[in-house]
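**Q** So here's data_20.txt, just compact mmCIF, C-alpha atoms:
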# COMPACT_ATOMS: atom_id res chain seq x y z
CA MET A 1 -17.90 8.45 -1.29
CA THR A 2 -16.73 8.90 2.29
CA LYS A 3 -13.08 9.93 2.46
CA VAL A 4 -10.69 8.10 4.79
CA MET A 5 -7.12 9.21 5.48
CA ALA A 6 -4.84 6.15 5.73
CA LEU A 7 -1.67 6.66 7.76
CA PRO A 8 1.15 6.29 7.07
CA ASP A 9 1.60 5.81 3.33
CA TRP A 10 3.63 2.60 3.27
CA ARG A 11 2.34 1.27 -0.04
CA ALA A 12 5.82 1.04 -1.54
CA GLY A 13 6.95 -2.55 -1.16
CA ASN A 14 3.76 -3.52 0.70
CA ASP A 15 0.61 -4.42 -1.23
CA TYR A 16 -1.64 -4.56 1.84
CA GLN A 17 -2.86 -0.97 1.70
CA THR A 18 -3.29 -0.92 -2.08
CA LEU A 19 -5.39 -4.09 -2.09
CA LEU A 20 -7.53 -2.90 0.82
CA ASP A 21 -8.08 0.53 -0.73
CA GLY A 22 -9.27 -0.94 -4.01
CA ALA A 23 -11.76 -3.27 -2.34
CA LEU A 24 -13.12 -0.51 -0.06
CA ARG A 25 -14.33 1.52 -3.03
CA ALA A 26 -17.17 -0.98 -3.50
CA HIS A 27 -18.34 0.07 -0.03
CA LYS A 28 -18.26 3.79 -0.87
CA PHE A 29 -15.03 4.59 0.98
CA ASP A 30 -12.32 6.53 -0.82
CA THR A 31 -8.85 6.19 0.71
CA LEU A 32 -6.55 9.21 0.77
CA TYR A 33 -2.87 9.42 1.69
CA PRO A 34 -0.89 12.34 3.09
CA GLU A 35 0.69 14.75 0.66
CA GLY A 36 4.05 15.94 1.95
CA THR A 37 5.06 16.12 5.61
CA ARG A 38 4.62 18.74 8.31
CA ARG A 39 7.15 19.38 11.04
CA VAL A 40 6.62 19.43 14.82
CA PHE A 41 3.07 17.99 14.83
CA PRO A 42 2.78 16.03 11.57
CA LEU A 43 -0.64 14.54 12.37
CA ALA A 44 -2.25 17.68 13.77
CA ARG A 45 -0.94 19.90 10.95
CA MET A 46 -1.73 17.48 8.13
CA ASP A 47 -4.06 18.49 5.30
CA TYR A 48 -6.83 15.88 5.60
CA ARG A 49 -8.55 17.08 2.40
CA GLY A 50 -12.06 16.47 3.69
CA ALA A 51 -11.44 13.04 5.23
CA ALA A 52 -14.13 12.11 7.75
CA LEU A 53 -12.07 9.37 9.37
CA ILE A 54 -8.44 8.43 10.04
CA HIS A 55 -7.27 4.84 9.63
CA LEU A 56 -3.95 4.45 11.44
CA HIS A 57 -1.87 1.39 10.57
CA TRP A 58 1.73 1.81 11.75
CA PRO A 59 2.01 4.62 14.33
CA GLU A 60 5.80 4.23 14.60
CA ALA A 61 6.06 6.17 11.34
CA PHE A 62 5.32 9.27 13.45
CA PHE A 63 8.00 8.63 16.07
CA PRO A 64 10.85 7.13 14.03
CA ARG A 65 14.22 6.34 15.57
CA ARG A 66 16.87 8.61 14.08
CA HIS A 67 19.47 8.35 16.87
CA ASP A 68 19.75 12.13 16.94
CA GLY A 69 18.99 12.68 20.62
CA LEU A 70 15.30 13.38 19.95
CA ASP A 71 13.93 9.82 19.67
CA ARG A 72 12.39 9.81 23.15
CA LEU A 73 10.84 13.20 22.62
CA ARG A 74 9.17 11.95 19.43
CA VAL A 75 7.57 9.07 21.34
CA TRP A 76 6.14 11.46 23.94
CA ARG A 77 5.04 13.94 21.30
CA PHE A 78 2.93 11.32 19.50
CA PRO A 79 -0.02 11.13 21.96
CA LEU A 80 -0.45 14.92 21.92
CA ASP A 81 -0.12 14.98 18.13
CA LEU A 82 -2.74 12.23 17.70
CA HIS A 83 -5.03 13.86 20.27
CA LEU A 84 -4.98 17.14 18.37
CA ALA A 85 -5.55 15.37 15.04
CA THR A 86 -8.57 13.42 16.31
CA ARG A 87 -10.46 16.23 18.04
CA THR A 88 -12.60 16.69 14.93
CA ARG A 89 -12.66 13.19 13.42
CA PRO A 90 -12.65 9.64 14.82
CA PHE A 91 -9.90 7.16 14.08
CA VAL A 92 -9.65 3.42 13.54
CA TYR A 93 -6.44 1.63 14.45
CA THR A 94 -5.25 -1.64 12.94
CA ALA A 95 -2.82 -3.35 15.30
CA HIS A 96 -0.49 -5.04 12.82
CA ASN A 97 2.02 -5.24 15.69
CA LEU A 98 1.78 -5.03 19.47
CA PHE A 99 4.80 -2.68 19.48
CA PRO A 100 7.16 -1.59 16.69
CA HIS A 101 9.67 -4.26 15.70
CA GLY A 102 12.92 -4.00 17.62
CA ARG A 103 11.61 -1.39 20.06
CA THR A 104 10.13 -3.47 22.87
CA SER A 105 12.77 -2.19 25.32
CA GLU A 106 11.51 1.42 25.11
CA LEU A 107 9.81 1.82 28.46
CA ALA A 108 7.45 4.62 27.40
CA LEU A 109 5.78 2.62 24.63
CA PRO A 110 3.33 0.53 26.73
CA ALA A 111 1.76 3.65 28.22
CA VAL A 112 1.64 5.43 24.86
CA TYR A 113 0.07 2.41 23.15
CA ARG A 114 -2.49 1.88 25.92
CA TRP A 115 -3.53 5.50 25.51
CA MET A 116 -3.84 5.05 21.73
CA LEU A 117 -5.81 1.80 22.01
CA ARG A 118 -8.31 3.33 24.44
CA ARG A 119 -8.72 6.49 22.38
CA ALA A 120 -9.45 4.68 19.09
CA SER A 121 -13.10 4.35 18.10
CA VAL A 122 -12.38 0.84 16.75
CA VAL A 123 -9.28 -1.36 17.08
CA ILE A 124 -8.74 -4.05 14.44
CA ALA A 125 -6.56 -7.14 14.86
CA HIS A 126 -5.88 -10.08 12.57
CA SER A 127 -6.32 -13.02 14.97
CA SER A 128 -8.24 -14.02 18.07
CA ALA A 129 -4.98 -14.32 20.02
CA SER A 130 -4.06 -10.78 18.98
CA LEU A 131 -7.42 -9.49 20.21
CA ALA A 132 -6.84 -11.20 23.56
CA ALA A 133 -3.34 -9.71 23.86
CA LEU A 134 -4.64 -6.22 23.15
CA ALA A 135 -7.52 -6.55 25.61
CA HIS A 136 -5.09 -7.72 28.28
CA MET A 137 -2.67 -4.88 27.65
CA ALA A 138 -5.28 -2.12 27.54
CA PRO A 139 -8.51 -2.95 29.41
CA GLY A 140 -11.17 -0.51 28.36
CA ILE A 141 -10.73 -0.64 24.59
CA ARG A 142 -14.14 0.37 23.27
CA ARG A 143 -14.47 -1.85 20.21
CA LEU A 144 -12.21 -4.73 19.18
CA ARG A 145 -12.86 -6.27 15.79
CA LEU A 146 -11.31 -9.35 14.17
CA ILE A 147 -10.54 -8.87 10.47
CA PRO A 148 -8.24 -11.20 8.47
CA HIS A 149 -4.95 -9.88 7.19
CA GLY A 150 -5.93 -10.38 3.56
CA ASP A 151 -4.80 -12.56 0.66
CA LEU A 152 -1.51 -11.17 -0.66
CA ALA A 153 -1.50 -13.80 -3.40
CA ALA A 154 -4.24 -11.74 -5.07
CA CYS A 155 -1.59 -9.58 -6.75
CA PHE A 156 1.34 -12.02 -6.66
CA PRO A 157 2.71 -13.53 -9.87
CA PHE A 158 1.54 -17.00 -10.80
CA LEU A 159 3.97 -19.62 -9.50
CA PRO A 160 5.79 -21.75 -12.05
CA THR A 161 5.99 -25.47 -11.40
CA LYS A 162 8.74 -26.58 -9.03
CA SER A 163 10.60 -28.29 -11.87
CA ASP A 164 10.46 -25.17 -14.07
CA ALA A 165 11.54 -22.94 -11.19
CA ARG A 166 14.48 -25.18 -10.35
CA ARG A 167 15.49 -25.33 -13.97
CA GLN A 168 15.57 -21.52 -14.08
CA LEU A 169 17.71 -21.41 -10.93
CA GLY A 170 19.99 -24.32 -11.80
CA ILE A 171 18.90 -26.43 -8.81
CA SER A 172 18.71 -30.21 -9.15
CA SER A 173 15.36 -31.91 -8.64
CA GLY A 174 16.53 -33.96 -5.66
CA HIS A 175 18.04 -31.10 -3.68
CA ARG A 176 16.13 -30.27 -0.48
CA LEU A 177 15.62 -26.54 0.03
CA VAL A 178 14.08 -24.45 2.84
CA LEU A 179 13.44 -20.77 2.14
CA MET A 180 13.30 -17.77 4.47
CA PHE A 181 12.00 -14.75 2.55
CA GLY A 182 11.02 -11.17 3.26
CA ARG A 183 12.92 -8.22 4.65
CA VAL A 184 15.88 -9.52 6.65
CA GLU A 185 15.74 -8.01 10.14
CA PRO A 186 17.10 -9.06 13.55
CA TYR A 187 13.70 -9.99 15.02
CA LYS A 188 13.11 -12.55 12.27
CA GLY A 189 15.60 -15.03 13.72
CA VAL A 190 17.66 -15.45 10.56
CA LEU A 191 21.02 -15.58 12.36
CA GLU A 192 19.67 -18.13 14.84
CA ALA A 193 18.32 -20.29 12.02
CA MET A 194 21.65 -20.32 10.18
CA GLU A 195 23.51 -21.21 13.39
CA ALA A 196 21.06 -24.05 14.11
CA TRP A 197 21.37 -25.36 10.55
CA SER A 198 25.14 -25.55 10.93
CA ARG A 199 25.02 -27.03 14.42
CA HIS A 200 22.45 -29.78 13.76
CA ARG A 201 23.12 -30.53 10.08
CA PHE A 202 19.47 -30.54 9.06
CA PRO A 203 18.86 -32.46 5.79
CA ALA A 204 18.14 -29.46 3.57
CA SER A 205 19.85 -26.30 2.39
CA LEU A 206 18.77 -23.03 3.99
CA TRP A 207 18.19 -20.15 1.59
CA VAL A 208 17.66 -16.58 2.84
CA CYS A 209 16.21 -14.07 0.35
CA GLY A 210 15.43 -10.41 0.96
CA ALA A 211 17.00 -7.03 1.56
CA ALA A 212 18.63 -6.49 4.95
CA SER A 213 17.35 -3.75 7.24
CA SER A 214 20.79 -2.09 7.43
CA ALA A 215 24.27 -2.40 6.00
CA ALA A 216 25.63 -3.40 9.41
CA PHE A 217 23.11 -6.21 9.79
CA ALA A 218 23.71 -7.34 6.22
CA GLU A 219 27.38 -7.77 7.08
CA ARG A 220 26.49 -9.87 10.14
CA VAL A 221 24.20 -12.03 8.01
CA ARG A 222 26.93 -12.54 5.39
CA GLU A 223 29.52 -13.48 8.01
CA THR A 224 27.14 -16.00 9.61
CA ALA A 225 26.10 -17.45 6.26
CA ASP A 226 29.74 -17.92 5.19
CA ARG A 227 30.48 -19.74 8.41
CA CYS A 228 27.30 -21.83 8.47
CA GLY A 229 26.89 -22.62 4.78
CA ALA A 230 23.56 -20.87 4.16
CA VAL A 231 22.72 -19.50 0.71
CA LEU A 232 22.05 -15.74 0.57
CA ASP A 233 20.37 -13.37 -1.83
CA LEU A 234 20.24 -10.05 0.03
CA ARG A 235 18.37 -8.14 -2.62
CA ASN A 236 14.96 -6.56 -2.64
CA LEU A 237 13.61 -9.15 -5.04
CA PRO A 238 10.93 -8.17 -7.55
CA PRO A 239 7.79 -10.31 -7.20
CA SER A 240 8.58 -12.25 -10.38
CA GLU A 241 11.93 -13.43 -8.98
CA LEU A 242 10.51 -14.13 -5.53
CA ALA A 243 7.77 -16.27 -7.10
CA VAL A 244 10.40 -18.46 -8.75
CA ARG A 245 12.22 -18.98 -5.45
CA ILE A 246 9.03 -19.79 -3.56
CA ALA A 247 8.07 -22.28 -6.26
CA ALA A 248 11.51 -23.90 -6.16
CA CYS A 249 11.67 -24.49 -2.39
CA ASP A 250 10.31 -27.50 -0.53
CA ALA A 251 9.18 -25.51 2.52
CA VAL A 252 9.30 -21.99 3.95
CA LEU A 253 10.55 -21.18 7.44
CA PHE A 254 9.54 -18.27 9.69
CA ASN A 255 11.60 -18.02 12.87
CA TYR A 256 10.46 -14.66 14.24
CA THR A 257 11.33 -14.06 17.89
CA SER A 258 7.95 -12.37 18.34
CA VAL A 259 5.41 -10.90 15.96
CA PHE A 260 1.68 -10.14 15.85
CA THR A 261 1.03 -11.13 12.27
CA SER A 262 3.07 -11.98 9.19
CA GLY A 263 2.14 -10.98 5.68
CA ALA A 264 4.83 -13.31 4.34
CA ALA A 265 3.38 -16.29 6.25
CA CYS A 266 -0.11 -15.41 4.99
CA LEU A 267 1.24 -15.28 1.43
CA ALA A 268 2.91 -18.68 1.80
CA ARG A 269 -0.37 -20.08 3.18
CA SER A 270 -2.28 -18.71 0.18
CA LEU A 271 0.26 -20.31 -2.16
CA GLY A 272 -0.13 -23.70 -0.48
CA LYS A 273 3.53 -24.06 0.51
CA PRO A 274 4.51 -26.17 3.55
CA ILE A 275 5.19 -23.69 6.38
CA LEU A 276 7.47 -24.18 9.39
CA LEU A 277 6.44 -21.91 12.27
CA PRO A 278 7.45 -21.73 15.97
CA ASP A 279 4.87 -22.56 18.63
CA ARG A 280 5.58 -19.19 20.30
CA LEU A 281 3.97 -17.26 17.43
CA VAL A 282 0.45 -17.83 18.71
CA THR A 283 -0.93 -14.60 17.21
CA ILE A 284 -0.23 -15.66 13.62
CA ASP A 285 -3.52 -17.14 12.38
CA LEU A 286 -3.07 -19.59 9.49
CA ASP A 287 -6.37 -21.45 10.04
CA GLU A 288 -4.80 -24.36 11.86
CA PRO A 289 -4.80 -27.30 12.05
CA SER A 290 -3.67 -27.44 8.46
CA ALA A 291 -1.83 -30.16 6.58
CA ASN A 292 0.61 -27.53 5.31
CA VAL A 293 1.48 -25.79 8.60
CA PHE A 294 4.11 -27.43 10.81
CA ARG A 295 4.69 -26.01 14.28
CA PHE A 296 7.92 -26.59 16.19
CA THR A 297 9.19 -25.75 19.66
CA ASP A 298 12.70 -24.65 18.80
CA LEU A 299 15.45 -25.19 16.24
CA ASN A 300 16.87 -28.08 18.25
CA PRO A 301 17.54 -31.68 17.18
CA ALA A 302 13.82 -32.50 17.54
CA PHE A 303 13.12 -29.96 14.79
CA GLY A 304 14.62 -32.42 12.33
CA ALA A 305 11.57 -34.69 12.53
CA VAL A 306 9.19 -31.76 11.94
CA LEU A 307 11.34 -30.61 9.04
CA ALA A 308 11.29 -34.08 7.48
CA ARG A 309 7.48 -34.10 7.47
CA ALA A 310 7.37 -30.66 5.89
CA LEU A 311 9.89 -31.63 3.22
CA ASP A 312 7.78 -34.66 2.30
CA THR A 313 4.58 -32.60 1.99
CA PRO A 314 3.86 -31.31 -1.51
CA ALA A 315 2.66 -27.77 -2.13
CA ASP A 316 -1.11 -27.61 -2.47
CA THR A 317 -2.27 -24.38 -4.05
CA ALA A 318 -5.70 -25.79 -4.86
CA GLY A 319 -6.10 -26.99 -1.29
CA ALA A 320 -5.52 -23.45 -0.03
CA SER A 321 -8.61 -22.17 -1.85
CA ALA A 322 -10.73 -22.11 1.32
CA TRP A 323 -8.08 -20.00 3.06
CA ARG A 324 -7.95 -17.59 0.14
CA ALA A 325 -11.72 -17.27 0.10
CA ALA A 326 -11.83 -16.56 3.86
CA THR A 327 -9.12 -13.91 3.54
CA SER A 328 -10.24 -12.40 0.24
CA TRP A 329 -10.15 -8.63 -0.04
CA GLN A 330 -13.91 -8.61 -0.57
CA VAL A 331 -14.28 -10.16 2.92
CA VAL A 332 -11.64 -7.90 4.45
CA ALA A 333 -13.13 -4.75 2.89
CA ALA A 334 -16.67 -5.59 4.01
CA LYS A 335 -15.52 -6.04 7.61
CA THR A 336 -13.34 -2.93 7.47
CA ALA A 337 -16.18 -0.86 6.04
CA ALA A 338 -18.39 -2.05 8.90
CA ALA A 339 -15.69 -0.91 11.36
CA TYR A 340 -15.53 2.47 9.63
CA ARG A 341 -19.29 2.90 9.95
CA GLU A 342 -19.13 2.00 13.63
CA ALA A 343 -16.43 4.62 14.16
CA LEU A 344 -18.33 7.29 12.23
CA GLY A 345 -21.52 6.49 14.13
CA SER A 346 -19.85 6.60 17.53
CA GLY A 347 -18.75 10.21 17.38
CA LEU A 348 -15.27 11.47 18.18
CA SER A 349 -12.62 9.17 19.62
CA GLY A 350 -12.22 9.05 23.36
CA SER A 351 -14.50 10.14 26.20
CA SER A 352 -13.63 12.37 29.12
CA THR A 353 -13.29 9.27 31.33
CA ASP A 354 -11.05 7.60 28.74
CA GLU A 355 -8.95 10.74 28.50
CA ALA A 356 -8.55 11.08 32.27
CA ARG A 357 -7.51 7.45 32.62
CA ALA A 358 -5.12 7.67 29.69
CA ILE A 359 -3.51 10.89 30.90
CA ASP A 360 -3.06 9.34 34.35
CA ASP A 361 -1.47 6.29 32.74
CA LEU A 362 0.95 8.47 30.80
CA ARG A 363 1.74 10.58 33.88
CA CYS A 364 2.51 7.50 35.99
CA SER A 365 5.02 6.25 33.43
CA ILE A 366 7.17 9.36 33.91
CA PRO A 367 9.54 9.19 36.89
CA SER A 368 9.43 11.82 39.60
CA GLY A 369 12.28 13.65 37.90
CA GLY A 370 9.69 14.62 35.30
CA LYS A 371 11.60 14.19 32.05
CA PRO A 372 9.51 12.54 29.35
CA GLY A 373 11.52 9.90 27.57
CA GLN A 374 13.37 8.84 30.72
CA ALA A 375 10.43 6.64 31.59
CA SER A 376 10.42 4.20 34.42
CA PRO A 377 8.65 0.85 33.95
CA VAL A 378 4.93 1.50 33.59
CA ARG A 379 2.49 0.14 36.08
CA PRO A 380 0.15 -2.68 34.96
CA ALA A 381 -3.00 -1.47 33.24
Could I get this structure in the form of structure tokens?
**A**
Amino acid sequence: MTKVMALPDWRAGNDYQTLLDGALRAHKFDTLYPEGTRRVFPLARMDYRGAALIHLHWPEAFFPRRHDGLDRLRVWRFPLDLHLATRTRPFVYTAHNLFPHGRTSELALPAVYRWMLRRASVVIAHSSASLAALAHMAPGIRRLRLIPHGDLAACFPFLPTKSDARRQLGISSGHRLVLMFGRVEPYKGVLEAMEAWSRHRFPASLWVCGAASSAAFAERVRETADRCGAVLDLRNLPPSELAVRIAACDAVLFNYTSVFTSGAACLARSLGKPILLPDRLVTIDLDEPSANVFRFTDLNPAFGAVLARALDTPADTAGASAWRAATSWQVVAAKTAAAYREALGSGLSGSSTDEARAIDDLRCSIPSGGKPGQASPVRPA
């Protein structure tokens, strides 16, 4: 078995890594996770326990925002840390996001991410539009590979019938219900959806389920829901309870301001639920056109007609079988294993030319004053 170090360990509350790891074993890859943390250079000082390859998923774990005066320094430390960690082993990067959620205003990030994308032996994205966005942002990426996100319904509880679910929740059969589920964060457009629901009186109740990203944001959500009449359940719901709520709703709504991919939307697609999704989210690949995916321009009065069609469309779990087959973990693991072999066969990440270009890119994003973290807008790649 070839050992692969997956970074970071975000398996808690996210089944993606666990499902991928299990399927990769059939391809002779054994996934490891870090044990403990190291200060100063966490990647370079990590015990890789014989791993031949690094698979990086969410790099922001290594430059978290703590609002302690060192956040900018952590961003600038990351390229050096990753460079030191990958001198003796290649790395594969899966671009789940273009940039970390809620951090698009940090001016240093484009240069840091361009450097990372060009240094990686293989970059994985979950849609053709995502691949195009990455290639545009960082010309010179060595290998871009399209691999589906994966079928999260593979480990999700079986859905009860809508009538049984509504009976459990005390909801009448004729009540129209639209669900927003998943972690409740500002970029997901929950506040805007509740405001629009109140303003335009759409013919369905709006139900928001999931734990809020902070106590302060939870309070804002509660205040808006009280004023707009939305139904809230701001808990980290166990899968069994979430399954009942998904089964009970008529449609699910995703109103992200911007996002690269959405595990929640992929789950809803696997479960055959009618999905309402903004046109702007072009990088979310749900195998459209699909009878169960309804795109809209904005939550304006015209949205009402799109909503009405979604509400009249029954869930079709059986009809989603082709989607589940195309995004099965056997398919995802086979493609990922092929990417691993490419990376291992290509030698170490980054060439001298890549390094020179990347270092120049990083240097040009620092103003003449020379303080990393006080970055001026980066030049186009």
**Q** Sort by chain and increasing residue number a table of all residues of range 168-218 of chain A within 12 Å of range 308-326 of chain A, each with its closest pair of atoms and their distance in Å to one decimal, counting only C-alpha atoms, and write it as CSV.
**A**
residue,atom,partner,partner_atom,distance
A:Gly174,CA,A:Leu311,CA,11.3
A:His175,CA,A:Leu311,CA,10.7
A:Arg176,CA,A:Leu311,CA,7.4
A:Leu177,CA,A:Leu311,CA,8.3
A:Val178,CA,A:Leu311,CA,8.3
A:Leu179,CA,A:Leu311,CA,11.5
A:Phe202,CA,A:Ala308,CA,9.1
A:Pro203,CA,A:Ala308,CA,7.9
A:Ala204,CA,A:Leu311,CA,8.5
A:Ser205,CA,A:Leu311,CA,11.3
**Q** Quick one: of A:Glu223, A:Val332, A:Glu106, A:Ala44, who's nearest to Arg77 in chain A, counting only C-alpha atoms?
**A**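 Closest candidate: A:Ala44.
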**Q** Would you please work out which residue, of A:Phe91, A:Ala6, A:Leu206, A:Pro42, is nearest to Asp30 in chain A when using all atoms listed in the file?
**A**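 Nearest candidate to Asp30 in chain A out of A:Phe91, A:Ala6, A:Leu206, A:Pro42: A:Ala6.
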**Q** Using only C-alpha atoms, give me every residue within 12 Å of (-15.0, 12.4, 1.5) in file coordinates, as a PyMOL selection string.
**A** chain A and resi 1-5+25+28-32+48-54
**Q** Skipping near chain neighbours, those fewer than 2 positions away, what residues fall within 6 Å of His126 in chain A using all atoms listed in the file, listed as a ChimeraX atom specification?
**A** /A:146-149
**Q** Smallest atom-to-atom distance to Val92 in chain A: which of A:Arg341, A:Arg45, A:Arg227, A:Arg167, using all atoms listed in the file?
**A**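 Of A:Arg341, A:Arg45, A:Arg227, A:Arg167, the one nearest Val92 in chain A is A:Arg341, counting all atoms listed in the file.
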**Q** Grab the CA of Glu342 in chain A to CA of Ala135 in chain A distance for me, in Å with one decimal place.
**A**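 Between CA of Glu342 in chain A and CA of Ala135 in chain A the gap works out to 18.7 Å.
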**Q** I want to know what sits within 9 Å of range 190-200 of chain A, based on only C-alpha atoms, with residues of the same chain fewer than 2 positions away left out; could you give that as a ChimeraX atom specification?
**A** /A:180,184-188,202-206,208,220-221,224-225,227-230,254-256,299-301,304
**Q** Gly347 in chain A: which residues within 9 Å, counting all atoms listed in the file, same-chain residues fewer than 5 positions away excluded, as a compact mmCIF listing (two decimals) with C-alpha atoms, in the coordinates of the input?
**A**
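The result, stored in selection-v8.txt:
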# COMPACT_ATOMS: atom_id res chain seq x y z
CA ARG A 89 -12.66 13.19 13.42
CA PRO A 90 -12.65 9.64 14.82
CA SER A 121 -13.10 4.35 18.10
**Q** Find the distance between CA of Ala133 in chain A and CA of Phe99 in chain A and write it in Å to one decimal.
**A**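 Computing it gives 11.6 Å between the two atoms.
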**Q** Could you tell me which of A:Arg11, A:Arg143, A:Arg38, A:Arg65 comes closest to Ala120 in chain A if we count all atoms listed in the file?
**A**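 That would be A:Arg143, the residue with the smallest distance to Ala120 in chain A.
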**Q** With the input short on atoms, add N, CA and C atoms back to range 131-149 of chain A and write it as an mmCIF file, in the coordinates of the input.
**A**
data_model
loop_
_atom_site.group_PDB
_atom_site.id
_atom_site.type_symbol
_atom_site.label_atom_id
_atom_site.label_comp_id
_atom_site.auth_asym_id
_atom_site.auth_seq_id
_atom_site.Cartn_x
_atom_site.Cartn_y
_atom_site.Cartn_z
ATOM 1 N N LEU A 131 -6.368 -10.219 19.487
ATOM 2 C CA LEU A 131 -7.420 -9.490 20.210
ATOM 3 C C LEU A 131 -7.270 -9.680 21.717
ATOM 4 N N ALA A 132 -6.987 -10.917 22.132
ATOM 5 C CA ALA A 132 -6.840 -11.200 23.560
ATOM 6 C C ALA A 132 -5.638 -10.453 24.139
ATOM 7 N N ALA A 133 -4.539 -10.408 23.390
ATOM 8 C CA ALA A 133 -3.340 -9.710 23.860
ATOM 9 C C ALA A 133 -3.605 -8.213 24.014
ATOM 10 N N LEU A 134 -4.321 -7.639 23.082
ATOM 11 C CA LEU A 134 -4.640 -6.220 23.150
ATOM 12 C C LEU A 134 -5.577 -5.912 24.327
ATOM 13 N N ALA A 135 -6.581 -6.758 24.504
ATOM 14 C CA ALA A 135 -7.520 -6.550 25.610
ATOM 15 C C ALA A 135 -6.827 -6.671 26.957
ATOM 16 N N HIS A 136 -5.847 -7.563 27.035
ATOM 17 C CA HIS A 136 -5.090 -7.720 28.280
ATOM 18 C C HIS A 136 -4.193 -6.516 28.543
ATOM 19 N N MET A 137 -3.584 -5.998 27.486
ATOM 20 C CA MET A 137 -2.670 -4.880 27.650
ATOM 21 C C MET A 137 -3.399 -3.581 27.978
ATOM 22 N N ALA A 138 -4.569 -3.391 27.388
ATOM 23 C CA ALA A 138 -5.280 -2.120 27.540
ATOM 24 C C ALA A 138 -6.757 -2.366 27.836
ATOM 25 N N PRO A 139 -7.089 -2.807 29.057
ATOM 26 C CA PRO A 139 -8.510 -2.950 29.410
ATOM 27 C C PRO A 139 -9.237 -1.627 29.174
ATOM 28 N N GLY A 140 -10.416 -1.731 28.619
ATOM 29 C CA GLY A 140 -11.170 -0.510 28.360
ATOM 30 C C GLY A 140 -11.199 -0.103 26.900
ATOM 31 N N ILE A 141 -10.594 -0.907 26.028
ATOM 32 C CA ILE A 141 -10.730 -0.640 24.590
ATOM 33 C C ILE A 141 -12.214 -0.711 24.237
ATOM 34 N N ARG A 142 -12.697 0.261 23.486
ATOM 35 C CA ARG A 142 -14.140 0.370 23.270
ATOM 36 C C ARG A 142 -14.678 -0.677 22.304
ATOM 37 N N ARG A 143 -13.996 -0.882 21.198
ATOM 38 C CA ARG A 143 -14.470 -1.850 20.210
ATOM 39 C C ARG A 143 -13.279 -2.574 19.617
ATOM 40 N N LEU A 144 -13.245 -3.878 19.776
ATOM 41 C CA LEU A 144 -12.210 -4.730 19.180
ATOM 42 C C LEU A 144 -12.863 -5.556 18.085
ATOM 43 N N ARG A 145 -12.282 -5.540 16.901
ATOM 44 C CA ARG A 145 -12.860 -6.270 15.790
ATOM 45 C C ARG A 145 -11.804 -7.159 15.128
ATOM 46 N N LEU A 146 -12.192 -8.387 14.826
ATOM 47 C CA LEU A 146 -11.310 -9.350 14.170
ATOM 48 C C LEU A 146 -11.529 -9.292 12.665
ATOM 49 N N ILE A 147 -10.486 -8.939 11.932
ATOM 50 C CA ILE A 147 -10.540 -8.870 10.470
ATOM 51 C C ILE A 147 -9.293 -9.562 9.925
ATOM 52 N N PRO A 148 -9.429 -10.504 8.993
ATOM 53 C CA PRO A 148 -8.240 -11.200 8.470
ATOM 54 C C PRO A 148 -7.234 -10.238 7.856
ATOM 55 N N HIS A 149 -6.004 -10.704 7.783
ATOM 56 C CA HIS A 149 -4.950 -9.880 7.190
ATOM 57 C C HIS A 149 -5.212 -9.598 5.725
#
